[in-house]
Structures are given as C-alpha cells and as structure tokens.
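One file, start19.cif, carrying mmCIF, C-alpha atoms:
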```
data_target
#
loop_
_atom_site.label_atom_id
_atom_site.label_comp_id
_atom_site.auth_asym_id
_atom_site.auth_seq_id
_atom_site.Cartn_x
_atom_site.Cartn_y
_atom_site.Cartn_z
CA MET A 1 168.40 120.57 85.16
CA SER A 2 165.47 120.37 87.55
CA ARG A 3 162.23 118.64 86.75
CA PRO A 4 159.11 120.70 86.02
CA THR A 5 156.98 121.78 88.97
CA LYS A 6 153.62 120.19 89.73
CA TYR A 7 152.35 123.59 90.85
CA ARG A 8 149.34 125.01 89.00
CA ASP A 9 147.83 128.49 89.40
CA GLU A 10 144.55 127.10 90.76
CA PHE A 11 146.43 125.68 93.77
CA ALA A 12 146.40 129.14 95.41
CA GLU A 13 142.58 129.20 95.59
CA MET A 14 142.46 125.55 96.63
CA ALA A 15 145.01 126.20 99.41
CA LEU A 16 142.94 129.13 100.68
CA ARG A 17 139.81 126.98 100.97
CA LEU A 18 141.68 124.05 102.53
CA CYS A 19 143.36 126.31 105.09
CA HIS A 20 139.93 127.74 106.01
CA LEU A 21 139.16 124.17 107.07
CA GLY A 22 142.26 124.10 109.27
CA LEU A 23 144.64 121.97 107.19
CA THR A 24 148.35 122.12 108.01
CA ASP A 25 151.16 122.41 105.45
CA ALA A 26 151.76 118.66 105.73
CA GLU A 27 148.07 117.99 105.02
CA LEU A 28 148.16 120.41 102.08
CA GLY A 29 151.05 118.36 100.73
CA LEU A 30 148.92 115.22 100.92
CA MET A 31 146.08 116.97 99.11
CA PHE A 32 148.38 118.18 96.32
CA GLY A 33 150.33 114.93 96.14
CA VAL A 34 153.64 116.43 97.24
CA ASP A 35 155.87 116.53 100.32
CA GLU A 36 155.60 119.28 102.95
CA ARG A 37 159.04 120.53 101.83
CA THR A 38 157.58 121.10 98.37
CA ILE A 39 154.74 123.15 99.89
CA ASN A 40 157.40 125.30 101.63
CA ARG A 41 159.29 125.73 98.34
CA TRP A 42 156.06 126.73 96.57
CA LYS A 43 155.39 129.33 99.26
CA LYS A 44 158.79 130.90 98.51
CA ARG A 45 158.48 130.63 94.74
CA PHE A 46 154.79 131.57 94.25
CA PRO A 47 153.79 134.64 96.34
CA GLU A 48 150.05 134.22 95.61
CA PHE A 49 150.20 130.67 96.97
CA CYS A 50 151.93 131.83 100.15
CA LEU A 51 149.43 134.67 100.63
CA SER A 52 146.49 132.31 100.15
CA ILE A 53 147.84 129.98 102.84
CA LYS A 54 148.43 132.88 105.25
CA ARG A 55 144.93 134.29 104.67
CA GLY A 56 143.30 130.88 105.04
CA LYS A 57 145.15 130.05 108.25
CA LEU A 58 144.30 133.47 109.69
CA VAL A 59 140.58 132.75 109.22
CA ALA A 60 140.90 129.26 110.71
CA ASP A 61 142.87 130.57 113.70
CA ALA A 62 140.27 133.28 114.32
CA LYS A 63 137.49 130.66 114.33
CA VAL A 64 139.39 128.58 116.88
CA ALA A 65 140.11 131.61 119.07
CA ASP A 66 136.44 132.62 119.00
CA ALA A 67 135.29 129.10 119.88
CA LEU A 68 137.73 128.92 122.79
CA PHE A 69 136.65 132.35 124.01
CA GLN A 70 132.97 131.38 123.92
CA LYS A 71 133.69 128.14 125.73
CA ALA A 72 135.70 129.92 128.42
CA THR A 73 133.34 132.84 128.99
CA GLY A 74 129.98 131.34 128.11
CA TYR A 75 127.57 132.29 125.38
CA GLN A 76 123.87 132.46 124.68
CA HIS A 77 121.58 131.77 121.76
CA THR A 78 117.85 131.75 121.12
CA GLU A 79 115.83 128.64 120.40
CA ASP A 80 112.17 127.67 120.25
CA ASP A 81 110.62 125.41 122.89
CA ILE A 82 107.63 123.62 121.38
CA ARG A 83 105.23 121.76 123.67
CA VAL A 84 101.66 120.53 123.66
CA ILE A 85 99.70 122.04 126.56
CA ASN A 86 96.02 121.19 127.02
CA GLY A 87 95.89 119.84 123.47
CA GLU A 88 97.38 123.00 121.93
CA VAL A 89 100.83 123.44 120.45
CA VAL A 90 102.62 126.20 122.36
CA LYS A 91 105.79 127.70 120.92
CA THR A 92 107.92 129.74 123.32
CA GLN A 93 111.13 131.49 122.37
CA THR A 94 113.85 130.83 124.93
CA VAL A 95 117.37 132.03 125.50
CA ARG A 96 119.87 129.31 126.34
CA HIS A 97 122.99 130.26 128.31
CA SER A 98 125.98 127.94 128.28
CA CYS A 99 129.25 128.17 130.15
CA TYR A 100 132.16 125.81 130.72
CA TYR A 101 133.32 124.97 134.23
CA ALA A 102 137.12 124.84 134.13
CA GLY A 103 138.59 121.70 135.61
CA THR A 104 135.35 119.72 135.56
CA GLY A 105 134.93 119.28 131.83
CA GLU A 106 131.22 119.99 132.33
CA ILE A 107 129.05 122.43 130.47
CA ASN A 108 126.20 124.09 132.30
CA ARG A 109 123.16 124.96 130.24
CA GLU A 110 120.57 127.18 131.78
CA GLN A 111 117.36 127.89 129.95
CA VAL A 112 115.55 131.17 130.49
CA ARG A 113 112.05 131.39 129.06
CA GLN A 114 110.79 134.61 127.60
CA PRO A 115 107.34 135.40 128.99
CA THR A 116 104.33 134.77 126.79
CA SER A 117 102.04 137.74 126.12
CA GLN A 118 99.54 136.34 128.66
CA GLN A 119 102.24 136.02 131.31
CA ALA A 120 103.40 139.57 130.58
CA ARG A 121 99.82 140.91 130.98
CA ASN A 122 99.43 139.03 134.28
CA HIS A 123 102.76 140.35 135.53
CA THR A 124 101.76 143.92 134.63
CA GLN A 125 98.47 143.52 136.51
CA ASP A 126 100.28 142.04 139.52
CA THR A 127 102.77 144.88 139.70
CA LYS A 128 100.00 147.50 139.48
CA ASN A 129 98.39 146.00 142.56
CA PHE A 130 101.69 145.54 144.43
CA GLY A 131 101.72 147.34 147.77
CA LYS A 132 97.99 148.23 147.76
#
```

Encoded form using structure tokens:
Amino acid sequence: MSRPTKYRDEFAEMALRLCHLGLTDAELGLMFGVDERTINRWKKRFPEFCLSIKRGKLVADAKVADALFQKATGYQHTEDDIRVINGEVVKTQTVRHSCYYAGTGEINREQVRQPTSQQARNHTQDTKNFGK
C-alpha cells in the first residue's frame, strides 16, 4: 500500500505562478517539499497541475525570448529629461534608443531629444526662409 500524496489542489495555481517566475521542476520540488521525481509523478497523475506548469513555463519562456530579441535588435523607450536652465525647471521628453553590440558586451545608448515648442517654431521659421 502506498502512502498518501502530499499533493493538494491549490498546488496547480501555485505552480502556475512559480513557473511565471521561471522556476524549474527541481525548484518547484523544493518549494513543495518534495523531490523532482514526485513533481513528474504529479504531472502524470494530476492533469490540472501539469497544465498549470506548461502554461506558466510558456509565459516565462516568452518573456525570455522577448528580452533576448530586444537585446539583439535594440529597443527604444521614452523618458523625461529634467534640468534647471537659467533658474527654471525644464522638462523635455526624450526617446532613448539602446542596442547591444555582439561580441563586445557593450550596450550603446543614444538619446534623441524631442524639440520643445519654441525649437519647433524656430525650425519652422528657418525652413520658410530657406533658399531665399
């Protein structure tokens, strides 16, 4: 006669959340206080537990793939540049571009400032007078 299982129904939801964080089957075993072989037996015996692990690992794998893709191809995000100019606080929205140089381990960050409304007006005036 086998001993009773330590498995509880709430383990399926817990496994889903833990796999979202990237835990392996061995690490799940540590969290549940069992061996990795027991986790594998539970996956065979309790379909909802197995499905939760698969769904959780799928999400974690997608996050890793996206992060690797962004690192390899570069990405951009907006941020605010706040400075004091002539005693006034000036807030300028910028777009930061980042890309990874393969083989160097270096990340290049290039900041592109969006023109202020005054700069845009000056540029418009300058282009009207261009070529005259």

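The closest residue to Leu51 of chain A, picked from A:Cys99, A:Val89, A:Leu68, A:Ala15 and counting all atoms listed in the file, is A:Ala15.
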
Do you know which residues the PyMOL selection byres ((chain A and resi 3-10) around 10) returns on this file, as a PyMOL selection string? chain A and resi 1-2+11-15+32-34+38-39+42+46+48-49

Export, as a short mmCIF file (atom, residue, chain, number, x, y, z; two decimals), in the frame of the given file, the selected residues with C-alpha atoms.
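Now in again06.cif:
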```
data_model
loop_
_atom_site.label_atom_id
_atom_site.label_comp_id
_atom_site.auth_asym_id
_atom_site.auth_seq_id
_atom_site.Cartn_x
_atom_site.Cartn_y
_atom_site.Cartn_z
CA MET A 1 168.40 120.57 85.16
CA SER A 2 165.47 120.37 87.55
CA PHE A 11 146.43 125.68 93.77
CA ALA A 12 146.40 129.14 95.41
CA GLU A 13 142.58 129.20 95.59
CA MET A 14 142.46 125.55 96.63
CA ALA A 15 145.01 126.20 99.41
CA PHE A 32 148.38 118.18 96.32
CA GLY A 33 150.33 114.93 96.14
CA VAL A 34 153.64 116.43 97.24
CA THR A 38 157.58 121.10 98.37
CA ILE A 39 154.74 123.15 99.89
CA TRP A 42 156.06 126.73 96.57
CA PHE A 46 154.79 131.57 94.25
CA GLU A 48 150.05 134.22 95.61
CA PHE A 49 150.20 130.67 96.97
#
```

Residue by residue, what does the PyMOL selection byres ((chain A and resi 19-29) around 7) grab here? Present the result as a list of chain:residue names. A:Ala15, A:Leu16, A:Arg17, A:Leu18, A:Leu30, A:Met31, A:Phe32, A:Gly33, A:Val34, A:Asp35, A:Glu36, A:Ile39, A:Ile53, A:Gly56, A:Lys57, A:Val59, A:Ala60

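If you look at atom CA of Lys43 of chain A and atom CA of Arg55 of chain A, they are 12.8 Å away from each other.
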
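Taking only C-alpha atoms into account, Thr73 of chain A lies nearest to A:Ser98 out of the set A:Leu58, A:Ser98, A:Lys44, A:Arg37.
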